[in-house]
>>> print(open('final-v4.txt').read())   # compact mmCIF, C-alpha atoms
# COMPACT_ATOMS: atom_id res chain seq x y z
CA MET R 216 -105.46 -173.78 -246.75
CA SER R 217 -104.64 -172.53 -243.25
CA HIS R 218 -107.28 -172.33 -240.59
CA GLY R 219 -105.16 -170.03 -238.45
CA PHE R 220 -105.27 -170.71 -234.73
CA LEU R 221 -107.31 -173.90 -235.19
CA THR R 222 -104.39 -175.83 -236.69
CA GLU R 223 -101.51 -174.05 -234.97
CA SER R 224 -102.58 -174.10 -231.35
CA ALA R 225 -104.53 -176.29 -229.02
CA LEU R 226 -105.80 -173.23 -227.13
CA LEU R 227 -108.75 -171.26 -228.34
CA PRO R 228 -108.59 -167.51 -227.84
CA SER R 229 -110.95 -166.21 -225.20
CA LYS R 230 -113.48 -163.55 -225.97
CA SER R 231 -112.48 -160.05 -224.99
CA LYS R 232 -114.17 -158.41 -222.04
CA LYS R 233 -114.86 -154.72 -221.98
CA ILE R 234 -113.72 -152.82 -218.91
CA LYS R 235 -115.74 -149.82 -217.88
CA VAL R 236 -113.58 -146.98 -216.55
CA ASP R 237 -115.12 -143.74 -215.49
CA GLY R 238 -113.40 -140.36 -215.44
CA ASN R 239 -113.25 -140.21 -211.64
CA SER R 240 -110.83 -143.11 -211.36
CA LEU R 241 -108.57 -141.56 -214.00
CA LEU R 242 -108.62 -138.23 -212.16
CA GLY R 243 -107.75 -139.97 -208.92
CA LEU R 244 -104.81 -141.69 -210.58
CA LYS R 245 -103.55 -138.42 -212.06
CA ALA R 246 -103.85 -136.78 -208.64
CA LEU R 247 -101.79 -139.53 -207.02
CA VAL R 248 -99.10 -139.22 -209.70
CA TYR R 249 -99.00 -135.44 -209.24
CA GLU R 250 -98.69 -135.77 -205.46
CA LYS R 251 -95.80 -138.23 -205.78
CA GLU R 252 -94.02 -135.96 -208.28
CA GLN R 253 -94.40 -132.97 -205.97
CA LYS R 254 -93.12 -134.98 -203.03
CA ILE R 255 -90.04 -136.06 -205.01
CA LEU R 256 -89.51 -132.49 -206.17
CA ALA R 257 -89.64 -131.25 -202.58
CA GLU R 258 -87.11 -133.88 -201.48
CA LYS R 259 -84.77 -133.20 -204.38
CA SER R 260 -85.01 -129.42 -204.21
CA ALA R 261 -82.63 -129.48 -201.25
CA ASP R 262 -80.04 -131.10 -203.53
CA LYS R 263 -78.88 -128.32 -205.86
CA SER R 264 -77.20 -130.69 -208.34
CA TYR R 265 -80.50 -132.43 -209.12
CA LYS R 266 -82.72 -131.06 -211.88
CA THR R 267 -85.99 -129.86 -210.37
CA ASP R 268 -87.82 -129.76 -213.67
CA ILE R 269 -90.94 -131.95 -213.83
CA ARG R 270 -89.70 -133.38 -217.15
CA ALA R 271 -86.78 -134.91 -215.28
CA LEU R 272 -89.29 -136.95 -213.32
CA ARG R 273 -91.31 -138.03 -216.36
CA GLY R 274 -88.69 -139.89 -218.35
CA LYS R 275 -85.81 -137.48 -218.97
CA HIS R 276 -83.71 -138.57 -216.03
CA ASP R 277 -80.17 -137.45 -215.39
CA PHE R 278 -78.47 -140.18 -217.43
CA GLN R 279 -74.98 -139.46 -216.10
CA ILE R 280 -75.99 -140.45 -212.60
CA LYS R 281 -77.81 -143.52 -213.90
CA GLU R 282 -74.82 -144.59 -216.02
CA GLU R 283 -72.44 -144.12 -213.09
CA ILE R 284 -74.61 -146.32 -210.89
CA GLU R 285 -74.87 -149.00 -213.60
CA HIS R 286 -71.12 -148.86 -214.22
CA GLN R 287 -70.39 -149.30 -210.51
CA THR R 288 -72.66 -152.34 -210.26
CA ARG R 289 -71.20 -153.88 -213.42
CA LYS R 290 -67.69 -153.29 -212.13
CA ASP R 291 -68.52 -155.01 -208.84
CA VAL R 292 -70.05 -158.01 -210.61
CA PHE R 293 -67.10 -158.61 -212.93
CA SER R 294 -64.33 -157.78 -210.46
CA ARG R 295 -64.83 -160.83 -208.29
CA GLU R 296 -63.43 -164.24 -209.18
CA ASN R 297 -65.29 -167.52 -209.07
CA ARG R 298 -64.43 -169.99 -206.36
CA GLY R 299 -61.64 -172.42 -207.22
CA VAL R 300 -60.37 -170.57 -210.32
CA SER R 301 -56.92 -169.83 -208.91
CA LYS R 302 -56.57 -173.43 -207.70
CA ARG R 303 -57.61 -174.72 -211.12
CA ASN R 304 -55.13 -172.38 -212.83
CA SER R 305 -52.29 -173.63 -210.64
CA THR R 306 -53.14 -177.29 -211.35
CA ASP R 307 -53.40 -176.50 -215.08
CA GLN R 308 -49.97 -174.85 -214.98
CA LYS R 309 -48.51 -177.88 -213.21
CA ALA R 310 -50.06 -180.22 -215.77
CA LEU R 311 -48.73 -178.09 -218.63
CA SER R 312 -45.24 -178.06 -217.13
CA ILE R 313 -45.33 -181.87 -216.73
CA LYS R 314 -46.55 -182.28 -220.32
CA ASP R 315 -43.88 -179.88 -221.52
CA LEU R 316 -41.21 -181.81 -219.62
CA LYS R 317 -42.40 -185.12 -221.09
CA ARG R 318 -42.45 -183.58 -224.57
CA ARG R 319 -38.90 -182.30 -224.17
CA GLU R 320 -37.72 -185.73 -222.94
CA ARG R 321 -39.40 -187.41 -225.93
CA GLU R 322 -37.78 -184.91 -228.31
CA GLU R 323 -34.35 -185.53 -226.77
CA LYS R 324 -34.83 -189.30 -227.09
CA CYS R 325 -35.87 -188.92 -230.74
CA LYS R 326 -32.92 -186.64 -231.43
CA LYS R 327 -30.47 -189.16 -229.93
CA SER R 328 -31.96 -192.01 -231.92
CA LEU R 329 -31.81 -189.95 -235.15
CA ILE R 330 -28.14 -189.11 -234.47
CA ALA R 331 -27.41 -192.83 -233.92
CA LYS R 332 -29.19 -193.73 -237.19
CA ALA R 333 -27.24 -191.04 -239.04
CA LYS R 334 -23.97 -192.52 -237.76
CA VAL R 335 -25.06 -196.00 -238.88
CA TYR R 336 -25.98 -194.71 -242.37
CA GLU R 337 -22.64 -192.88 -242.63
CA LYS R 338 -20.79 -196.13 -241.79
CA ILE R 339 -22.84 -198.00 -244.41
CA ALA R 340 -22.11 -195.31 -246.97
CA LYS R 341 -18.36 -195.50 -246.29
CA GLY R 342 -18.48 -199.27 -246.54
CA GLU R 343 -17.43 -200.11 -243.04
>>> encode(input="final-v4.txt", output="structure tokens")
Amino acid sequence: MSHGFLTESALLPSKSKKIKVDGNSLLGLKALVYEKEQKILAEKSADKSYKTDIRALRGKHDFQIKEEIEHQTRKDVFSRENRGVSKRNSTDQKALSIKDLKRREREEKCKKSLIAKAKVYEKIAKGE
């Protein structure tokens, strides 16, 4: 049997408090929002490419402009290289070339020893 919050948390939920809001404060807030929207409309009305519809201000923004801005910032973030990456790449390339050289030398040594063994086996097979 589960006792809910009593067994699952050490914190007890606090009792809710009612907030009293009168209509005057809501009207004041709506008036401030309207003033800001009108101010933005007045500023943007000089720019003919901007939509001057109030709906554009309340959530239906011009998404092309927003996407272009986001794309530019993403491009700037990913275009730069971390410090020391080119140096690390060059040292990795050097290490790979050294390893490759050692591998080739080892392969040549093995090949020579296998050729020598083959000659020995051929002599044994001929009876010499």
>>> atom_distance(input="final-v4.txt", atom1="CA of Leu241 (chain R)", atom2="CA of Gln253 (chain R)")
18.4 Å
>>> atom_distance(input="final-v4.txt", atom1="CA of Lys334 (chain R)", atom2="CA of Arg321 (chain R)")
20.1 Å
>>> atom_distance(input="final-v4.txt", atom1="CA of Leu242 (chain R)", atom2="CA of Lys230 (chain R)")
29.2 Å
